[in-house]
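Undergrad: Submitted below is the structure of interest, expressed as structure tokens.
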Amino acid sequence: MPQFDVHVNNGRSQKLFPYFVIVQTGLLRQWERCIVVPLSPEPGFFRDPTMAPIVRVDGVSLHFQALEITNIPRSSLGRYAGNLANHGDILIRALDRVPA
């Protein structure tokens, strides 16, 4: 699964976060889990576009929720919905701003 692929969230949080973006690199491909950032129609706590940049998936504007970065089992990913590699720079910039 390439970095920045977008998948439907099939989990319990799908109303709040309808999609996940895979943010891990190929280094972890063999891991049974994947590192993702959810996408949400709401901006969440940060309305700063550098922390929650807006992207479009399936014709819908969604906020990249960098502070909600997590890992999930690969089996929890739903259907493929696209790839955001063309927004890779702004997504990485948002992740770089997440406090350690």
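Just remember, in the structure tokens the first chain shown is A, the second B, etc., residues are 1-based per chain, and ligands are 1-based in the order shown.
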I want to know what sits within 8 Å of stretch 35-43 of chain A, based on only C-alpha atoms, with residues of the same chain fewer than 4 positions away left out; could you give that as a count of residues only?
TA: 22
Undergrad: If DSSP is run on the backbone, what residues of chain A are alpha helix (DSSP H)? A reply as a PyMOL selection string would be ideal.
TA: chain A and resi 88-96
Undergrad: Let's see if you can do this: from backbone DSSP, list all strand (DSSP E or B) residues in chain A, as an MDAnalysis selection string.
TA: chainID A and resid 5:9 19:22 33:40 54:57 60:64 70:73 77:83
Undergrad: Counting only C-alpha atoms, which residues in stretch 5-45 of chain A sit no more than 7 Å from stretch 79-100 of chain A? For each one, give the nearest pair of atoms and the distance in Å, sorted by chain then residue number, as a Markdown table.
TA:
| residue | atom | partner | partner_atom | distance |
| --- | --- | --- | --- | --- |
| A:Asp5 | CA | A:Asn83 | CA | 4.2 |
| A:Val6 | CA | A:Gly82 | CA | 5.2 |
| A:His7 | CA | A:Tyr80 | CA | 4.5 |
| A:Val8 | CA | A:Arg79 | CA | 5.5 |
Undergrad: Store the residues picked out above, limited to N, CA and C atoms, as a tab-separated table (two decimals), in the first residue's frame.
TA:
chain	number	residue	atom	x	y	z
A	5	ASP	N	-2.00	6.66	0.06
A	5	ASP	CA	-3.24	6.03	-0.40
A	5	ASP	C	-4.34	6.35	0.59
A	6	VAL	N	-5.54	6.55	0.09
A	6	VAL	CA	-6.70	6.86	0.92
A	6	VAL	C	-7.65	5.66	0.86
A	7	HIS	N	-8.15	5.28	2.04
A	7	HIS	CA	-9.08	4.16	2.14
A	7	HIS	C	-10.27	4.57	2.99
A	8	VAL	N	-11.41	3.98	2.70
A	8	VAL	CA	-12.60	4.19	3.51
A	8	VAL	C	-12.34	3.59	4.88
Undergrad: Distance atom CA of A:Val60-atom CA of A:Phe4, one decimal place?
TA: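 Taking atom CA of A:Val60 as the start and atom CA of A:Phe4 as the end point, the length is 16.8 Å.
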Undergrad: Of the candidates A:Pro53, A:Asp48, A:Cys34, A:Asn10, which one gets nearest to A:Ser76 if we count only C-alpha atoms?
TA: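 The closest residue to A:Ser76 is A:Asn10.
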Undergrad: Tell me, in Å to one decimal, how far atom CA of A:Gly78 is from atom CA of A:Thr50.
TA: 27.0 Å
Undergrad: Could you check how far atom CA of A:Met51 sits from atom CA of A:Pro73, in Å to one decimal?
TA: 25.1 Å
